[in-house]
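> Shown below is the structure under consideration.
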Amino acid sequence: MRQGGLTSPKLFNLYINKLIERLSSTYIGCHVGETCINNISYADDMVLLSPSIGAALKKLLHIFARCSKQAKLTLFKAYCQSFYTCGLWVDFTQRAYGALRVQYNNAFRMLFGVPRFCSASSMFAEAPTDCFYTIIRKRCASLRARVRGAANTVLSVLADRWDSPLFCRWI
């Protein structure tokens with residue numbers, strides 16, 4: 001759906017309502033008395049709930065597995081590639097970046113049924129979608145361009161300071 005389109009809210013509501021109905025009808029999730037709660041949704045955010053990461057959560061995720069490849073790719077890009085403020089992650093260690101990259105790759109593999117030990121580069125090239133580090137580089141470049149082009153002189157001066165942590169990260 002196109003963001004800002006006239007029919008987008010109605011189409012989104014139709015889709016999300018059906019999805020919530022299908023999830024709720026599985027009765028897989030956390031039980032409080034007689035009530036089963038397996039998702040909490042607000043606007044376009046959704047959290048899947050399960051008493052364990054084992055079979056219950058996997059069953060809920062299999063509902064998404066039935067989507068077409070294009071629908072899965074769209075969902076992956078919308079929910080797994082939005083690294084908000086990643087251009088500011090200047091204090092992260094390489095180990096922390098590596099751990100995030102592994103989880104990102106594993107989420108892609110799980111969603112598309114790609115074997116664990118296949119090449120991540122070919123996996124993303126065949127999709128086609130951006131790998132973890134490409135997203136980070138694009139977000140950093142975008143932030144730098146916005147800061148350097150800002151009308152605010154303080155921001156533009158900070159963007160070009162050689163001793164700035166952001167500048168060091170961008171380099």
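Ordered as shown in the structure tokens, chains take letters A, B, and onward, while each chain numbers its residues from 1 and ligands are numbered from 1 in the order shown.
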As a PyMOL selection string, please: every residue in stretch 82-113 of chain A that a backbone DSSP assignment puts in alpha helix (DSSP H).

chain A and resi 94-112

> Which residue is closest to A:Thr74? Choose from A:Tyr42, A:Tyr133, A:Phe108, A:Phe92 and count only C-alpha atoms.

A:Phe108

> Using only C-alpha atoms for the distances, tell me which of A:Val114, A:Cys36, A:Ala43, A:Ile135 is nearest to A:Ser82.

A:Ile135

> Which is closest to A:Met123 among A:Met110, A:Ala96, A:Ile28, A:Leu11, if we use only C-alpha atoms?

A:Met110

> Could you tell me which of A:Tyr79, A:Thr7, A:Asp163, A:Leu155 comes closest to A:Asp45 if we count only C-alpha atoms?

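Selected residue with least distance to A:Asp45: A:Tyr79.
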
> Excluding same-chain residues fewer than 6 positions from A:Leu49, what lies within 8 Å of it counting only C-alpha atoms, as a PyMOL selection string?

chain A and resi 29-30+37-40+57

> In Å, rounded to a single decimal, give me how far atom CA of A:Glu21 is from atom CA of A:Ser41.

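Separation between atom CA of A:Ser41 and atom CA of A:Glu21: 11.9 Å.
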
> Residues at most 12 Å from A:Arg116, counting only C-alpha atoms, excluding those fewer than 4 positions away in the same chain, as a ChimeraX atom specification?

/A:102-103,105-112,120,123

> Could you pull out the strand (DSSP E or B) residues of stretch 15-139 of chain A from DSSP and send them as a list in words?

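Result set for stretch 15-139 of chain A (strand (DSSP E or B)): Cys30, His31, Val32, Thr35, Cys36, Ile37, Asn39, Ile40, Ser41, Tyr42, Asp45, Met46, Val47 and Leu48 of chain A.
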
> Suppose we keep all heavy atoms; can you now write the selection as an mmCIF file, in the first residue's frame?


```
data_model
loop_
_atom_site.group_PDB
_atom_site.id
_atom_site.type_symbol
_atom_site.label_atom_id
_atom_site.label_comp_id
_atom_site.auth_asym_id
_atom_site.auth_seq_id
_atom_site.Cartn_x
_atom_site.Cartn_y
_atom_site.Cartn_z
ATOM 1 N N CYS A 30 -0.432 -16.838 25.091
ATOM 2 C CA CYS A 30 -0.450 -16.771 26.557
ATOM 3 C C CYS A 30 -1.901 -16.805 27.018
ATOM 4 O O CYS A 30 -2.731 -16.052 26.518
ATOM 5 C CB CYS A 30 0.226 -15.489 27.028
ATOM 6 S SG CYS A 30 1.962 -15.386 26.564
ATOM 7 N N HIS A 31 -2.181 -17.678 27.956
ATOM 8 C CA HIS A 31 -3.551 -17.830 28.454
ATOM 9 C C HIS A 31 -3.686 -17.158 29.808
ATOM 10 O O HIS A 31 -2.908 -17.419 30.729
ATOM 11 C CB HIS A 31 -3.927 -19.309 28.548
ATOM 12 C CG HIS A 31 -4.026 -19.955 27.206
ATOM 13 N ND1 HIS A 31 -5.195 -19.989 26.488
ATOM 14 C CD2 HIS A 31 -3.088 -20.554 26.431
ATOM 15 C CE1 HIS A 31 -4.983 -20.600 25.335
ATOM 16 N NE2 HIS A 31 -3.707 -20.947 25.274
ATOM 17 N N VAL A 32 -4.673 -16.285 29.904
ATOM 18 C CA VAL A 32 -5.011 -15.629 31.159
ATOM 19 C C VAL A 32 -6.445 -16.027 31.452
ATOM 20 O O VAL A 32 -7.384 -15.538 30.811
ATOM 21 C CB VAL A 32 -4.889 -14.090 31.049
ATOM 22 C CG1 VAL A 32 -5.264 -13.435 32.364
ATOM 23 C CG2 VAL A 32 -3.498 -13.694 30.604
ATOM 24 N N THR A 35 -8.972 -16.640 28.546
ATOM 25 C CA THR A 35 -8.642 -15.785 27.406
ATOM 26 C C THR A 35 -7.237 -16.093 26.889
ATOM 27 O O THR A 35 -6.285 -16.148 27.656
ATOM 28 C CB THR A 35 -8.717 -14.299 27.809
ATOM 29 O OG1 THR A 35 -10.008 -14.045 28.364
ATOM 30 C CG2 THR A 35 -8.480 -13.402 26.617
ATOM 31 N N CYS A 36 -7.134 -16.277 25.579
ATOM 32 C CA CYS A 36 -5.843 -16.485 24.932
ATOM 33 C C CYS A 36 -5.411 -15.173 24.294
ATOM 34 O O CYS A 36 -6.149 -14.576 23.506
ATOM 35 C CB CYS A 36 -5.950 -17.571 23.867
ATOM 36 S SG CYS A 36 -4.418 -17.817 22.963
ATOM 37 N N ILE A 37 -4.219 -14.728 24.646
ATOM 38 C CA ILE A 37 -3.669 -13.496 24.072
ATOM 39 C C ILE A 37 -2.402 -13.879 23.316
ATOM 40 O O ILE A 37 -1.449 -14.374 23.911
ATOM 41 C CB ILE A 37 -3.336 -12.464 25.167
ATOM 42 C CG1 ILE A 37 -4.582 -12.153 26.000
ATOM 43 C CG2 ILE A 37 -2.776 -11.198 24.533
ATOM 44 C CD1 ILE A 37 -4.299 -11.352 27.233
ATOM 45 N N ASN A 39 -1.386 -11.752 20.414
ATOM 46 C CA ASN A 39 -0.864 -10.574 19.729
ATOM 47 C C ASN A 39 -1.413 -9.327 20.378
ATOM 48 O O ASN A 39 -2.530 -9.310 20.882
ATOM 49 C CB ASN A 39 -1.181 -10.620 18.227
ATOM 50 C CG ASN A 39 -2.640 -10.378 17.940
ATOM 51 O OD1 ASN A 39 -3.058 -9.231 17.838
ATOM 52 N ND2 ASN A 39 -3.419 -11.438 17.799
ATOM 53 N N ILE A 40 -0.583 -8.308 20.381
ATOM 54 C CA ILE A 40 -1.000 -6.979 20.815
ATOM 55 C C ILE A 40 -0.673 -6.055 19.652
ATOM 56 O O ILE A 40 0.460 -6.022 19.187
ATOM 57 C CB ILE A 40 -0.257 -6.526 22.087
ATOM 58 C CG1 ILE A 40 -0.570 -7.484 23.248
ATOM 59 C CG2 ILE A 40 -0.632 -5.096 22.445
ATOM 60 C CD1 ILE A 40 0.227 -7.192 24.501
ATOM 61 N N SER A 41 -1.682 -5.354 19.189
ATOM 62 C CA SER A 41 -1.499 -4.501 18.023
ATOM 63 C C SER A 41 -1.917 -3.083 18.337
ATOM 64 O O SER A 41 -2.908 -2.854 19.026
ATOM 65 C CB SER A 41 -2.337 -5.022 16.851
ATOM 66 O OG SER A 41 -1.960 -6.330 16.533
ATOM 67 N N TYR A 42 -1.142 -2.145 17.825
ATOM 68 C CA TYR A 42 -1.473 -0.731 17.928
ATOM 69 C C TYR A 42 -0.995 -0.069 16.641
ATOM 70 O O TYR A 42 0.200 -0.131 16.317
ATOM 71 C CB TYR A 42 -0.794 -0.087 19.147
ATOM 72 C CG TYR A 42 -1.106 1.375 19.280
ATOM 73 C CD1 TYR A 42 -2.329 1.791 19.787
ATOM 74 C CD2 TYR A 42 -0.196 2.336 18.867
ATOM 75 C CE1 TYR A 42 -2.638 3.135 19.899
ATOM 76 C CE2 TYR A 42 -0.492 3.689 18.976
ATOM 77 C CZ TYR A 42 -1.716 4.084 19.492
ATOM 78 O OH TYR A 42 -2.023 5.410 19.596
ATOM 79 N N ASP A 45 1.966 -1.449 14.475
ATOM 80 C CA ASP A 45 2.893 -2.260 15.271
ATOM 81 C C ASP A 45 2.174 -3.481 15.816
ATOM 82 O O ASP A 45 1.019 -3.402 16.225
ATOM 83 C CB ASP A 45 3.453 -1.456 16.455
ATOM 84 C CG ASP A 45 4.342 -0.321 16.001
ATOM 85 O OD1 ASP A 45 5.041 -0.502 14.984
ATOM 86 O OD2 ASP A 45 4.335 0.731 16.646
ATOM 87 N N MET A 46 2.867 -4.611 15.806
ATOM 88 C CA MET A 46 2.284 -5.838 16.323
ATOM 89 C C MET A 46 3.348 -6.614 17.089
ATOM 90 O O MET A 46 4.489 -6.721 16.640
ATOM 91 C CB MET A 46 1.749 -6.716 15.191
ATOM 92 C CG MET A 46 1.152 -8.036 15.676
ATOM 93 S SD MET A 46 0.512 -9.060 14.349
ATOM 94 C CE MET A 46 -1.019 -8.222 14.019
ATOM 95 N N VAL A 47 2.945 -7.138 18.232
ATOM 96 C CA VAL A 47 3.813 -7.986 19.039
ATOM 97 C C VAL A 47 3.135 -9.342 19.139
ATOM 98 O O VAL A 47 1.945 -9.425 19.453
ATOM 99 C CB VAL A 47 4.015 -7.397 20.460
ATOM 100 C CG1 VAL A 47 4.820 -8.340 21.325
ATOM 101 C CG2 VAL A 47 4.653 -6.034 20.386
ATOM 102 N N LEU A 48 3.879 -10.410 18.835
ATOM 103 C CA LEU A 48 3.363 -11.760 19.003
ATOM 104 C C LEU A 48 3.740 -12.246 20.388
ATOM 105 O O LEU A 48 4.882 -12.089 20.815
ATOM 106 C CB LEU A 48 3.952 -12.695 17.945
ATOM 107 C CG LEU A 48 3.592 -12.382 16.493
ATOM 108 C CD1 LEU A 48 4.279 -13.372 15.558
ATOM 109 C CD2 LEU A 48 2.099 -12.400 16.281
#
```

> Using Å and a single decimal, report how far atom CA of A:Arg139 sits from atom CA of A:Cys86.

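Computed distance, atom CA of A:Cys86 to atom CA of A:Arg139, equals 6.8 Å.
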
> Between atom CA of A:Ile136 and atom CA of A:Phe83, what is the spacing in Å?

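Spanning atom CA of A:Phe83 to atom CA of A:Ile136 is a straight-line distance of 7.7 Å.
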